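**Student:** Encoded as C-alpha cells, here's the structure I'll be asking about.
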Amino acid sequence: MSPDRDSNMVKQLFFAGLREKMTENYTSALSNFNKVVVADPDHDAAYYELANANLRLERLSEAELNIKRAIKLKPDNKWYLRLLAEVDKRTNKMPELIEVFNQLIRIDPENDAYYFDKANAQFLSGQTEAAGKTYDEILARFGESNELSIAKKRLHGSGGTSESDIVKLLEGNQADIKNYLYAAGLLLQKGNDAEALKVLLKAKQLAPDNFEVNLGLADIYRKQKDDAQAFASLKVAFESAEMPLDEKIKIIAALFPNLREPVVAENVTLLSKIVAEKNPADAKALALYGDVLYQQQKLKEALVQYQAALKLNDQVYAVWEQIVNIQTLLGHYADAVKLGDEALTIYPNQASLYYYTAYALFKIGKLEQAQDNLKTALQLDVDNKSLQAQVLALQGDIYINQNDFTLAKAAFEKAIAMEPDNYFIMNNYAYYLALKNDDLIKAAQYSETAAKAMPDNSSITDTYAYILFKQRKYDLAKVWIEKALQNNTNKNGVYLEHYGDILFMKGEKEAALLQWKKAKDAGNISEVLNRKINEKKYFK
C-alpha cells in the first residue's frame, strides 16, 4: 500500500467497519468497507471483511466477488481461501471448492484436514476415483488412521454412506474420539443434527472434558436455541487447557453482538472470566475480559483487567486508550491525565489520546493545557472528521469556561460543518446559544434538527422544549417536553422543572406546581425552584 493510501482516513473507516460488524450492523459495516476500497483499491483486508459481511447478509454472489478480489491481491492468505471455501460450500460449487483446497494444500501441505476436505468435496461431486486418489495421497503422506479408514469405507460403500452406516462405522472403535467427531461431522453435513447429537453424547460419555466434543455439542444446542445447554457445553470446553486460547477468544468475540441479551451477557462474562483466570500471564486474555465487562458498563471491573493487561504488555495502544477513556468516564480525571501523558510518550501521534487527555485536563480546570492538546489533535488526524468534530466541540466547551463566547461559537460552527449529523454537538451548541439568548432562531433550527433526528433522546428533546419555551411557543414546547419525560426513566428533576415552567405559562398553574414539586422530589435543589414552589409562580 502506498504512503498516500496508508492514511488515517482509511484506517478509521476500516476500524469503523469492524465496530459495526461487531454489533451485527452489517449494512453500515459494508458502507465503511466500501469506502475503504474506494480510497484504497488494494486493501485486501477490506475486501475480506466485505465478503464476510455479505455472507452474513446471504449475498453470496457479492461475497464471492469480494473474497476473490482479496485472494487476487494476496493469493497465499489461507484465511481468505478458507472463506472462499465457505462461500463455495454455500453455493454448492464443488469443482471450485476442490480447487480452493488444492491451493490450501499448496500453502500448508502438512495440514491433513485440507486433504480430507478435498476428498470429501470430490466425493460429493461424484468424483469417486479422484477422491480415492486423494485418500491414497493421505495414506502416503500421513499414514493410516481411523479417520482415513472411515473415509475409505464411506467412499467404497454402495450408493454412498447413509446415516446408519456412519453410526455403524463407530462400532469396534468406541474408544477413539476422533471417529466420533468425524462421524458427527458427516452427519451434520447431511443435515442430520439429531443423529449427530446422539453421536456426540456418546463421545462425551467416553471423554467428558474433550473440548472438541463439547464445542460440537454447543454448536448443535445453539442451532436448537437451547442456550442453557449450549453455554454449559462451552463452559466445559473453555475449562480445558487443550483448547487453544485463540479459539476461545474467537468464540467470545463472535458473541459480542448479542451481549444485550441477559443470558448471553451472563455466560459470556463467565467464559471470559475463565479465560482470564486460566491465562493470568496473557495480556490478550485479560484485555478480552476487560472488553466484555466494558461492553456491559461494568467500568470499575473492566479497569482492573485493562490495568493488569497493561502491566504485562505496554505495547498495545488500544489498552492505553481504553484505560484513559474509563478513567474519564469514572471521573478519575487526575489519573486519566497522568496515564494519558505517559501514553503520549510512547504514542505521540495518536490524536484520540490527546483528545481524551484534553477532556480530563478540562475537567480538572487546566484549560490552557487542554487547549494545547486539542490543537495537537487537530493537526494529527485531519482525515478523521468525527474525531475532529469532537475536538472542536470540546474546544467550544473550554472557550465557554474561559468566557470567550465568540471563539466558542466559531469552534461549534466548525464542528457542525465537519460532522453535520452529530446531533449531540448540535444540541449542546443550541443549548449554549439559548442560555446566552444569542440567536434563538439559529438555536431553534439546530435543536429542531437534532430533536427530529433523535426523538427518543430525553436530553435533546428537553433542549428543544427549553428553546421553544424561550421563544414563547408554549404549545409546541409542551409536546417536546412530554417526549423528554416519556423517555426519562431516571426522573430528571430539570426536565420536570421545565415541564412546570411550560404549564405555568399556559395558565395551568396547579399542574405546574405539581411538576415543580416532582422536580424537587427527584433531586433538583435549585433555589429558584424552591422559590417557584413557595410563591407558586414562575421565576427566571
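Naming scheme: A, B, ... for chains in displayed order of the C-alpha cells; residues 1 onward per chain; ligands 1 onward as shown.
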What's around Tyr294 in chain A at 12 Å? Count only C-alpha atoms, leave out sequence neighbours fewer than 2 positions away in its own chain, and write the answer as a PDB file with N, CA, C and O atoms, in the first residue's frame.

**Tutor:**
```
ATOM      1  N   PHE A 256     -20.045 -11.150  21.004  1.00  0.00           N
ATOM      2  CA  PHE A 256     -20.126  -9.742  21.419  1.00  0.00           C
ATOM      3  C   PHE A 256     -21.412  -9.042  20.951  1.00  0.00           C
ATOM      4  O   PHE A 256     -22.019  -8.298  21.719  1.00  0.00           O
ATOM      5  N   LEU A 259     -24.469  -9.259  23.364  1.00  0.00           N
ATOM      6  CA  LEU A 259     -24.297  -9.008  24.795  1.00  0.00           C
ATOM      7  C   LEU A 259     -25.472  -8.266  25.427  1.00  0.00           C
ATOM      8  O   LEU A 259     -25.596  -8.226  26.650  1.00  0.00           O
ATOM      9  N   ALA A 265     -25.019 -12.192  28.009  1.00  0.00           N
ATOM     10  CA  ALA A 265     -24.104 -11.372  28.811  1.00  0.00           C
ATOM     11  C   ALA A 265     -23.592 -12.142  30.019  1.00  0.00           C
ATOM     12  O   ALA A 265     -22.389 -12.135  30.325  1.00  0.00           O
ATOM     13  N   THR A 269     -19.660 -13.356  30.097  1.00  0.00           N
ATOM     14  CA  THR A 269     -18.855 -12.851  31.216  1.00  0.00           C
ATOM     15  C   THR A 269     -18.172 -14.005  31.940  1.00  0.00           C
ATOM     16  O   THR A 269     -16.977 -13.935  32.269  1.00  0.00           O
ATOM     17  N   ALA A 287      -7.279  -8.498  28.652  1.00  0.00           N
ATOM     18  CA  ALA A 287      -7.929  -7.404  27.915  1.00  0.00           C
ATOM     19  C   ALA A 287      -9.277  -7.852  27.367  1.00  0.00           C
ATOM     20  O   ALA A 287     -10.235  -7.069  27.325  1.00  0.00           O
ATOM     21  N   LEU A 288      -9.370  -9.115  26.950  1.00  0.00           N
ATOM     22  CA  LEU A 288     -10.644  -9.648  26.459  1.00  0.00           C
ATOM     23  C   LEU A 288     -11.699  -9.600  27.563  1.00  0.00           C
ATOM     24  O   LEU A 288     -12.840  -9.172  27.323  1.00  0.00           O
ATOM     25  N   TYR A 289     -11.342 -10.023  28.760  1.00  0.00           N
ATOM     26  CA  TYR A 289     -12.268  -9.967  29.894  1.00  0.00           C
ATOM     27  C   TYR A 289     -12.656  -8.511  30.169  1.00  0.00           C
ATOM     28  O   TYR A 289     -13.829  -8.200  30.430  1.00  0.00           O
ATOM     29  N   GLY A 290     -11.680  -7.626  30.061  1.00  0.00           N
ATOM     30  CA  GLY A 290     -11.962  -6.207  30.207  1.00  0.00           C
ATOM     31  C   GLY A 290     -12.958  -5.712  29.169  1.00  0.00           C
ATOM     32  O   GLY A 290     -13.879  -4.949  29.480  1.00  0.00           O
ATOM     33  N   ASP A 291     -12.803  -6.161  27.917  1.00  0.00           N
ATOM     34  CA  ASP A 291     -13.716  -5.757  26.845  1.00  0.00           C
ATOM     35  C   ASP A 291     -15.149  -6.195  27.149  1.00  0.00           C
ATOM     36  O   ASP A 291     -16.098  -5.428  26.947  1.00  0.00           O
ATOM     37  N   VAL A 292     -15.302  -7.428  27.635  1.00  0.00           N
ATOM     38  CA  VAL A 292     -16.634  -7.943  27.947  1.00  0.00           C
ATOM     39  C   VAL A 292     -17.274  -7.129  29.069  1.00  0.00           C
ATOM     40  O   VAL A 292     -18.451  -6.754  28.995  1.00  0.00           O
ATOM     41  N   GLN A 296     -20.617  -4.076  29.031  1.00  0.00           N
ATOM     42  CA  GLN A 296     -21.769  -4.123  29.937  1.00  0.00           C
ATOM     43  C   GLN A 296     -21.763  -2.950  30.926  1.00  0.00           C
ATOM     44  O   GLN A 296     -22.503  -2.962  31.904  1.00  0.00           O
ATOM     45  N   GLN A 297     -20.910  -1.973  30.648  1.00  0.00           N
ATOM     46  CA  GLN A 297     -20.814  -0.783  31.503  1.00  0.00           C
ATOM     47  C   GLN A 297     -20.316  -1.090  32.907  1.00  0.00           C
ATOM     48  O   GLN A 297     -20.551  -0.299  33.834  1.00  0.00           O
ATOM     49  N   LYS A 298     -19.626  -2.206  33.074  1.00  0.00           N
ATOM     50  CA  LYS A 298     -19.018  -2.530  34.366  1.00  0.00           C
ATOM     51  C   LYS A 298     -17.608  -1.928  34.364  1.00  0.00           C
ATOM     52  O   LYS A 298     -16.599  -2.627  34.252  1.00  0.00           O
ATOM     53  N   LEU A 299     -17.574  -0.612  34.487  1.00  0.00           N
ATOM     54  CA  LEU A 299     -16.345   0.131  34.223  1.00  0.00           C
ATOM     55  C   LEU A 299     -15.246  -0.145  35.248  1.00  0.00           C
ATOM     56  O   LEU A 299     -14.077  -0.288  34.881  1.00  0.00           O
ATOM     57  N   LYS A 300     -15.604  -0.198  36.508  1.00  0.00           N
ATOM     58  CA  LYS A 300     -14.573  -0.410  37.535  1.00  0.00           C
ATOM     59  C   LYS A 300     -13.919  -1.780  37.382  1.00  0.00           C
ATOM     60  O   LYS A 300     -12.689  -1.900  37.478  1.00  0.00           O
ATOM     61  N   GLU A 301     -14.757  -2.801  37.142  1.00  0.00           N
ATOM     62  CA  GLU A 301     -14.206  -4.145  36.968  1.00  0.00           C
ATOM     63  C   GLU A 301     -13.369  -4.230  35.692  1.00  0.00           C
ATOM     64  O   GLU A 301     -12.313  -4.865  35.681  1.00  0.00           O
ATOM     65  N   ALA A 302     -13.844  -3.569  34.628  1.00  0.00           N
ATOM     66  CA  ALA A 302     -13.095  -3.569  33.370  1.00  0.00           C
ATOM     67  C   ALA A 302     -11.741  -2.891  33.542  1.00  0.00           C
ATOM     68  O   ALA A 302     -10.722  -3.357  33.020  1.00  0.00           O
ATOM     69  N   LEU A 303     -11.736  -1.799  34.291  1.00  0.00           N
ATOM     70  CA  LEU A 303     -10.496  -1.061  34.513  1.00  0.00           C
ATOM     71  C   LEU A 303      -9.440  -1.940  35.164  1.00  0.00           C
ATOM     72  O   LEU A 303      -8.257  -1.901  34.785  1.00  0.00           O
ATOM     73  N   VAL A 304      -9.840  -2.756  36.129  1.00  0.00           N
ATOM     74  CA  VAL A 304      -8.892  -3.660  36.810  1.00  0.00           C
ATOM     75  C   VAL A 304      -8.235  -4.594  35.797  1.00  0.00           C
ATOM     76  O   VAL A 304      -7.012  -4.810  35.823  1.00  0.00           O
ATOM     77  N   GLN A 305      -9.022  -5.140  34.877  1.00  0.00           N
ATOM     78  CA  GLN A 305      -8.490  -6.082  33.888  1.00  0.00           C
ATOM     79  C   GLN A 305      -7.554  -5.384  32.905  1.00  0.00           C
ATOM     80  O   GLN A 305      -6.487  -5.903  32.565  1.00  0.00           O
ATOM     81  N   TYR A 306      -7.953  -4.208  32.435  1.00  0.00           N
ATOM     82  CA  TYR A 306      -7.106  -3.466  31.491  1.00  0.00           C
ATOM     83  C   TYR A 306      -5.772  -3.069  32.139  1.00  0.00           C
ATOM     84  O   TYR A 306      -4.711  -3.139  31.511  1.00  0.00           O
ATOM     85  N   VAL A 319      -5.282  -0.716  24.689  1.00  0.00           N
ATOM     86  CA  VAL A 319      -5.438  -0.855  26.143  1.00  0.00           C
ATOM     87  C   VAL A 319      -5.173   0.473  26.834  1.00  0.00           C
ATOM     88  O   VAL A 319      -5.909   0.872  27.752  1.00  0.00           O
ATOM     89  N   GLN A 322      -8.166   2.716  26.219  1.00  0.00           N
ATOM     90  CA  GLN A 322      -9.359   2.290  26.946  1.00  0.00           C
ATOM     91  C   GLN A 322      -9.264   2.650  28.433  1.00  0.00           C
ATOM     92  O   GLN A 322     -10.260   3.040  29.052  1.00  0.00           O
ATOM     93  N   ILE A 323      -8.069   2.534  29.007  1.00  0.00           N
ATOM     94  CA  ILE A 323      -7.903   2.890  30.423  1.00  0.00           C
ATOM     95  C   ILE A 323      -8.153   4.385  30.626  1.00  0.00           C
ATOM     96  O   ILE A 323      -8.877   4.792  31.549  1.00  0.00           O
ATOM     97  N   ASN A 325      -9.885   6.331  28.750  1.00  0.00           N
ATOM     98  CA  ASN A 325     -11.308   6.549  28.493  1.00  0.00           C
ATOM     99  C   ASN A 325     -12.141   6.206  29.729  1.00  0.00           C
ATOM    100  O   ASN A 325     -13.005   6.988  30.156  1.00  0.00           O
ATOM    101  N   ILE A 326     -11.893   5.040  30.327  1.00  0.00           N
ATOM    102  CA  ILE A 326     -12.670   4.616  31.502  1.00  0.00           C
ATOM    103  C   ILE A 326     -12.414   5.539  32.688  1.00  0.00           C
ATOM    104  O   ILE A 326     -13.336   5.892  33.431  1.00  0.00           O
ATOM    105  N   LEU A 329     -14.541   8.474  32.266  1.00  0.00           N
ATOM    106  CA  LEU A 329     -15.949   8.130  32.496  1.00  0.00           C
ATOM    107  C   LEU A 329     -16.254   7.969  33.973  1.00  0.00           C
ATOM    108  O   LEU A 329     -17.358   8.276  34.433  1.00  0.00           O
TER     109      LEU A 329
END
```

**Student:** With DSSP run on the backbone, what are the helix (DSSP H, G or I) residues within range 402-467 of chain A? I'd like them as a PDB file with N, CA and C atoms, in the first residue's frame.

**Tutor:**
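Everything below was put into result37.pdb:
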```
ATOM      1  N   PHE A 405     -17.147  33.620  24.350  1.00  0.00           N
ATOM      2  CA  PHE A 405     -18.249  33.027  23.612  1.00  0.00           C
ATOM      3  C   PHE A 405     -18.073  33.179  22.105  1.00  0.00           C
ATOM      4  N   THR A 406     -17.351  34.180  21.692  1.00  0.00           N
ATOM      5  CA  THR A 406     -17.124  34.372  20.250  1.00  0.00           C
ATOM      6  C   THR A 406     -16.307  33.206  19.676  1.00  0.00           C
ATOM      7  N   LEU A 407     -15.204  32.879  20.364  1.00  0.00           N
ATOM      8  CA  LEU A 407     -14.393  31.740  19.903  1.00  0.00           C
ATOM      9  C   LEU A 407     -15.141  30.424  20.080  1.00  0.00           C
ATOM     10  N   ALA A 408     -15.958  30.330  21.128  1.00  0.00           N
ATOM     11  CA  ALA A 408     -16.743  29.113  21.349  1.00  0.00           C
ATOM     12  C   ALA A 408     -17.706  28.890  20.186  1.00  0.00           C
ATOM     13  N   LYS A 409     -18.391  29.964  19.772  1.00  0.00           N
ATOM     14  CA  LYS A 409     -19.323  29.847  18.646  1.00  0.00           C
ATOM     15  C   LYS A 409     -18.603  29.416  17.379  1.00  0.00           C
ATOM     16  N   ALA A 410     -17.444  29.977  17.144  1.00  0.00           N
ATOM     17  CA  ALA A 410     -16.684  29.612  15.942  1.00  0.00           C
ATOM     18  C   ALA A 410     -16.295  28.130  15.973  1.00  0.00           C
ATOM     19  N   ALA A 411     -15.888  27.641  17.153  1.00  0.00           N
ATOM     20  CA  ALA A 411     -15.488  26.234  17.284  1.00  0.00           C
ATOM     21  C   ALA A 411     -16.679  25.308  17.040  1.00  0.00           C
ATOM     22  N   PHE A 412     -17.840  25.648  17.626  1.00  0.00           N
ATOM     23  CA  PHE A 412     -19.013  24.803  17.436  1.00  0.00           C
ATOM     24  C   PHE A 412     -19.490  24.819  15.980  1.00  0.00           C
ATOM     25  N   GLU A 413     -19.436  25.974  15.346  1.00  0.00           N
ATOM     26  CA  GLU A 413     -19.845  26.052  13.934  1.00  0.00           C
ATOM     27  C   GLU A 413     -18.946  25.172  13.064  1.00  0.00           C
ATOM     28  N   LYS A 414     -17.655  25.184  13.352  1.00  0.00           N
ATOM     29  CA  LYS A 414     -16.725  24.327  12.602  1.00  0.00           C
ATOM     30  C   LYS A 414     -17.025  22.852  12.862  1.00  0.00           C
ATOM     31  N   ALA A 415     -17.324  22.535  14.120  1.00  0.00           N
ATOM     32  CA  ALA A 415     -17.622  21.143  14.475  1.00  0.00           C
ATOM     33  C   ALA A 415     -18.847  20.637  13.722  1.00  0.00           C
ATOM     34  N   ILE A 416     -19.893  21.462  13.667  1.00  0.00           N
ATOM     35  CA  ILE A 416     -21.117  21.055  12.975  1.00  0.00           C
ATOM     36  C   ILE A 416     -20.873  20.942  11.474  1.00  0.00           C
ATOM     37  N   ALA A 417     -20.089  21.845  10.922  1.00  0.00           N
ATOM     38  CA  ALA A 417     -19.750  21.758   9.497  1.00  0.00           C
ATOM     39  C   ALA A 417     -18.925  20.500   9.210  1.00  0.00           C
ATOM     40  N   MET A 418     -18.081  20.129  10.160  1.00  0.00           N
ATOM     41  CA  MET A 418     -17.218  18.957   9.992  1.00  0.00           C
ATOM     42  C   MET A 418     -18.037  17.660  10.040  1.00  0.00           C
ATOM     43  N   TYR A 423     -25.625  14.969  16.217  1.00  0.00           N
ATOM     44  CA  TYR A 423     -26.715  15.729  16.831  1.00  0.00           C
ATOM     45  C   TYR A 423     -26.447  16.088  18.284  1.00  0.00           C
ATOM     46  N   PHE A 424     -25.517  15.395  18.916  1.00  0.00           N
ATOM     47  CA  PHE A 424     -25.160  15.756  20.294  1.00  0.00           C
ATOM     48  C   PHE A 424     -24.417  17.099  20.314  1.00  0.00           C
ATOM     49  N   ILE A 425     -23.483  17.254  19.386  1.00  0.00           N
ATOM     50  CA  ILE A 425     -22.778  18.542  19.289  1.00  0.00           C
ATOM     51  C   ILE A 425     -23.760  19.650  18.937  1.00  0.00           C
ATOM     52  N   MET A 426     -24.620  19.378  17.987  1.00  0.00           N
ATOM     53  CA  MET A 426     -25.622  20.361  17.565  1.00  0.00           C
ATOM     54  C   MET A 426     -26.510  20.767  18.741  1.00  0.00           C
ATOM     55  N   ASN A 427     -26.912  19.775  19.536  1.00  0.00           N
ATOM     56  CA  ASN A 427     -27.771  20.033  20.693  1.00  0.00           C
ATOM     57  C   ASN A 427     -27.059  20.886  21.745  1.00  0.00           C
ATOM     58  N   ASN A 428     -25.795  20.558  22.017  1.00  0.00           N
ATOM     59  CA  ASN A 428     -25.055  21.320  23.031  1.00  0.00           C
ATOM     60  C   ASN A 428     -24.880  22.770  22.601  1.00  0.00           C
ATOM     61  N   TYR A 429     -24.575  22.961  21.338  1.00  0.00           N
ATOM     62  CA  TYR A 429     -24.388  24.339  20.834  1.00  0.00           C
ATOM     63  C   TYR A 429     -25.705  25.107  20.930  1.00  0.00           C
ATOM     64  N   ALA A 430     -26.800  24.469  20.546  1.00  0.00           N
ATOM     65  CA  ALA A 430     -28.106  25.137  20.618  1.00  0.00           C
ATOM     66  C   ALA A 430     -28.429  25.537  22.057  1.00  0.00           C
ATOM     67  N   TYR A 431     -28.091  24.666  22.997  1.00  0.00           N
ATOM     68  CA  TYR A 431     -28.364  24.957  24.407  1.00  0.00           C
ATOM     69  C   TYR A 431     -27.543  26.153  24.896  1.00  0.00           C
ATOM     70  N   TYR A 432     -26.266  26.190  24.500  1.00  0.00           N
ATOM     71  CA  TYR A 432     -25.434  27.337  24.882  1.00  0.00           C
ATOM     72  C   TYR A 432     -25.983  28.641  24.299  1.00  0.00           C
ATOM     73  N   LEU A 433     -26.414  28.590  23.036  1.00  0.00           N
ATOM     74  CA  LEU A 433     -26.992  29.791  22.413  1.00  0.00           C
ATOM     75  C   LEU A 433     -28.227  30.250  23.177  1.00  0.00           C
ATOM     76  N   ALA A 434     -29.048  29.283  23.586  1.00  0.00           N
ATOM     77  CA  ALA A 434     -30.268  29.632  24.316  1.00  0.00           C
ATOM     78  C   ALA A 434     -29.964  30.226  25.686  1.00  0.00           C
ATOM     79  N   LEU A 435     -28.977  29.662  26.370  1.00  0.00           N
ATOM     80  CA  LEU A 435     -28.592  30.193  27.681  1.00  0.00           C
ATOM     81  C   LEU A 435     -28.131  31.642  27.581  1.00  0.00           C
ATOM     82  N   LEU A 440     -31.608  33.010  18.989  1.00  0.00           N
ATOM     83  CA  LEU A 440     -32.552  31.950  19.305  1.00  0.00           C
ATOM     84  C   LEU A 440     -33.100  31.272  18.051  1.00  0.00           C
ATOM     85  N   ILE A 441     -33.134  31.996  16.952  1.00  0.00           N
ATOM     86  CA  ILE A 441     -33.628  31.398  15.702  1.00  0.00           C
ATOM     87  C   ILE A 441     -32.694  30.274  15.256  1.00  0.00           C
ATOM     88  N   LYS A 442     -31.384  30.561  15.278  1.00  0.00           N
ATOM     89  CA  LYS A 442     -30.405  29.527  14.907  1.00  0.00           C
ATOM     90  C   LYS A 442     -30.435  28.388  15.925  1.00  0.00           C
ATOM     91  N   ALA A 443     -30.535  28.747  17.209  1.00  0.00           N
ATOM     92  CA  ALA A 443     -30.596  27.717  18.247  1.00  0.00           C
ATOM     93  C   ALA A 443     -31.779  26.790  18.007  1.00  0.00           C
ATOM     94  N   ALA A 444     -32.936  27.361  17.664  1.00  0.00           N
ATOM     95  CA  ALA A 444     -34.135  26.557  17.415  1.00  0.00           C
ATOM     96  C   ALA A 444     -33.954  25.671  16.187  1.00  0.00           C
ATOM     97  N   GLN A 445     -33.304  26.193  15.147  1.00  0.00           N
ATOM     98  CA  GLN A 445     -33.091  25.397  13.931  1.00  0.00           C
ATOM     99  C   GLN A 445     -32.211  24.186  14.220  1.00  0.00           C
ATOM    100  N   TYR A 446     -31.107  24.440  14.914  1.00  0.00           N
ATOM    101  CA  TYR A 446     -30.208  23.327  15.258  1.00  0.00           C
ATOM    102  C   TYR A 446     -30.911  22.324  16.181  1.00  0.00           C
ATOM    103  N   SER A 447     -31.600  22.850  17.174  1.00  0.00           N
ATOM    104  CA  SER A 447     -32.245  21.984  18.156  1.00  0.00           C
ATOM    105  C   SER A 447     -33.369  21.163  17.529  1.00  0.00           C
ATOM    106  N   GLU A 448     -34.132  21.784  16.630  1.00  0.00           N
ATOM    107  CA  GLU A 448     -35.199  21.065  15.932  1.00  0.00           C
ATOM    108  C   GLU A 448     -34.627  19.931  15.089  1.00  0.00           C
ATOM    109  N   THR A 449     -33.528  20.200  14.384  1.00  0.00           N
ATOM    110  CA  THR A 449     -32.884  19.171  13.563  1.00  0.00           C
ATOM    111  C   THR A 449     -32.459  17.983  14.427  1.00  0.00           C
ATOM    112  N   ALA A 450     -31.834  18.295  15.577  1.00  0.00           N
ATOM    113  CA  ALA A 450     -31.364  17.235  16.473  1.00  0.00           C
ATOM    114  C   ALA A 450     -32.533  16.458  17.068  1.00  0.00           C
ATOM    115  N   ALA A 451     -33.573  17.178  17.492  1.00  0.00           N
ATOM    116  CA  ALA A 451     -34.713  16.532  18.148  1.00  0.00           C
ATOM    117  C   ALA A 451     -35.474  15.626  17.188  1.00  0.00           C
ATOM    118  N   LYS A 452     -35.631  16.063  15.949  1.00  0.00           N
ATOM    119  CA  LYS A 452     -36.348  15.240  14.977  1.00  0.00           C
ATOM    120  C   LYS A 452     -35.516  14.033  14.551  1.00  0.00           C
ATOM    121  N   ALA A 453     -34.202  14.177  14.606  1.00  0.00           N
ATOM    122  CA  ALA A 453     -33.330  13.043  14.269  1.00  0.00           C
ATOM    123  C   ALA A 453     -33.259  12.041  15.413  1.00  0.00           C
ATOM    124  N   SER A 458     -33.895  11.997  25.600  1.00  0.00           N
ATOM    125  CA  SER A 458     -34.528  12.961  26.510  1.00  0.00           C
ATOM    126  C   SER A 458     -33.775  14.276  26.595  1.00  0.00           C
ATOM    127  N   SER A 459     -32.448  14.198  26.628  1.00  0.00           N
ATOM    128  CA  SER A 459     -31.652  15.420  26.746  1.00  0.00           C
ATOM    129  C   SER A 459     -31.871  16.338  25.553  1.00  0.00           C
ATOM    130  N   ILE A 460     -31.910  15.744  24.363  1.00  0.00           N
ATOM    131  CA  ILE A 460     -32.065  16.542  23.143  1.00  0.00           C
ATOM    132  C   ILE A 460     -33.472  17.117  23.036  1.00  0.00           C
ATOM    133  N   THR A 461     -34.484  16.305  23.344  1.00  0.00           N
ATOM    134  CA  THR A 461     -35.851  16.829  23.247  1.00  0.00           C
ATOM    135  C   THR A 461     -36.141  17.862  24.342  1.00  0.00           C
ATOM    136  N   ASP A 462     -35.506  17.719  25.517  1.00  0.00           N
ATOM    137  CA  ASP A 462     -35.652  18.738  26.564  1.00  0.00           C
ATOM    138  C   ASP A 462     -35.053  20.062  26.113  1.00  0.00           C
ATOM    139  N   THR A 463     -33.891  20.003  25.452  1.00  0.00           N
ATOM    140  CA  THR A 463     -33.267  21.235  24.952  1.00  0.00           C
ATOM    141  C   THR A 463     -34.193  21.949  23.973  1.00  0.00           C
ATOM    142  N   TYR A 464     -34.788  21.173  23.066  1.00  0.00           N
ATOM    143  CA  TYR A 464     -35.688  21.802  22.088  1.00  0.00           C
ATOM    144  C   TYR A 464     -36.897  22.421  22.785  1.00  0.00           C
ATOM    145  N   ALA A 465     -37.442  21.723  23.775  1.00  0.00           N
ATOM    146  CA  ALA A 465     -38.574  22.272  24.532  1.00  0.00           C
ATOM    147  C   ALA A 465     -38.178  23.566  25.242  1.00  0.00           C
ATOM    148  N   TYR A 466     -36.967  23.574  25.801  1.00  0.00           N
ATOM    149  CA  TYR A 466     -36.468  24.756  26.516  1.00  0.00           C
ATOM    150  C   TYR A 466     -36.341  25.955  25.577  1.00  0.00           C
ATOM    151  N   ILE A 467     -35.837  25.712  24.357  1.00  0.00           N
ATOM    152  CA  ILE A 467     -35.675  26.807  23.386  1.00  0.00           C
ATOM    153  C   ILE A 467     -37.036  27.305  22.908  1.00  0.00           C
TER     154      ILE A 467
END
```

**Student:** Smallest atom-to-atom distance to Val324 in chain A: which of A:Glu482, A:Asp438, A:Glu86, A:Glu342, using only C-alpha atoms?

**Tutor:**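 Closest candidate: A:Glu342.
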
**Student:** I'd like the neighbourhood of Ser149 in chain A as a VMD selection string, where a residue qualifies if any of its atoms comes within 10 Å (using only C-alpha atoms), though same-chain residues fewer than 3 positions away should be ignored.

**Tutor:** chain A and resid 135 139 144 to 146 152 to 155 169 179

**Student:** Using only C-alpha atoms, which of A:Met454, A:Glu110, A:Val268, A:Leu255 sits nearest Arg141 in chain A?

**Tutor:**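 Smallest distance to Arg141 in chain A is found for A:Glu110.
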
**Student:** Which residues come within 9 Å of range 22-26 of chain A, counting only C-alpha atoms, excluding same-chain residues fewer than 6 positions away, as JSON, numbers by chain?

**Tutor:** {"A": [53, 54, 56, 57, 253, 254, 255, 256, 257, 258]}

**Student:** Could you check which of A:Asn457, A:Ser272, A:Gln229, A:Asn492 is closest to Lys518 in chain A, using only C-alpha atoms?

**Tutor:**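 Answer, going by the shortest atom-to-atom distance: A:Asn492.
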
**Student:** Tell me, as a ChimeraX atom specification, which residues lie within 7 Å of Ala39 in chain A, counting only C-alpha atoms; anything in the same chain fewer than 2 positions away does not count.

**Tutor:** /A:5,10,35-37,41

**Student:** Quick one: residues within 8 Å of range 527-540 of chain A, only C-alpha atoms counted, chain neighbours fewer than 6 positions away excluded, as a list of chain:residue names?

**Tutor:**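 Skipping anything fewer than 6 positions along the chain leaves A:Glu497, A:Asp501, A:Phe504, A:Lys509, A:Leu513, A:Trp516, A:Lys517, A:Lys520.
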
**Student:** Could you name the residues that touch range 345-354 of chain A at 6 Å or less, counting only C-alpha atoms, but leaving out those on the same chain fewer than 5 positions away, as a list of chain:residue names?

**Tutor:** A:Asn373, A:Ala377, A:Leu380, A:Asp381

**Student:** Just the number, please: distance in Å from CA of Gly143 in chain A to CA of Leu215 in chain A, one decimal.

**Tutor:**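 Between CA of Gly143 in chain A and CA of Leu215 in chain A the gap works out to 27.3 Å.
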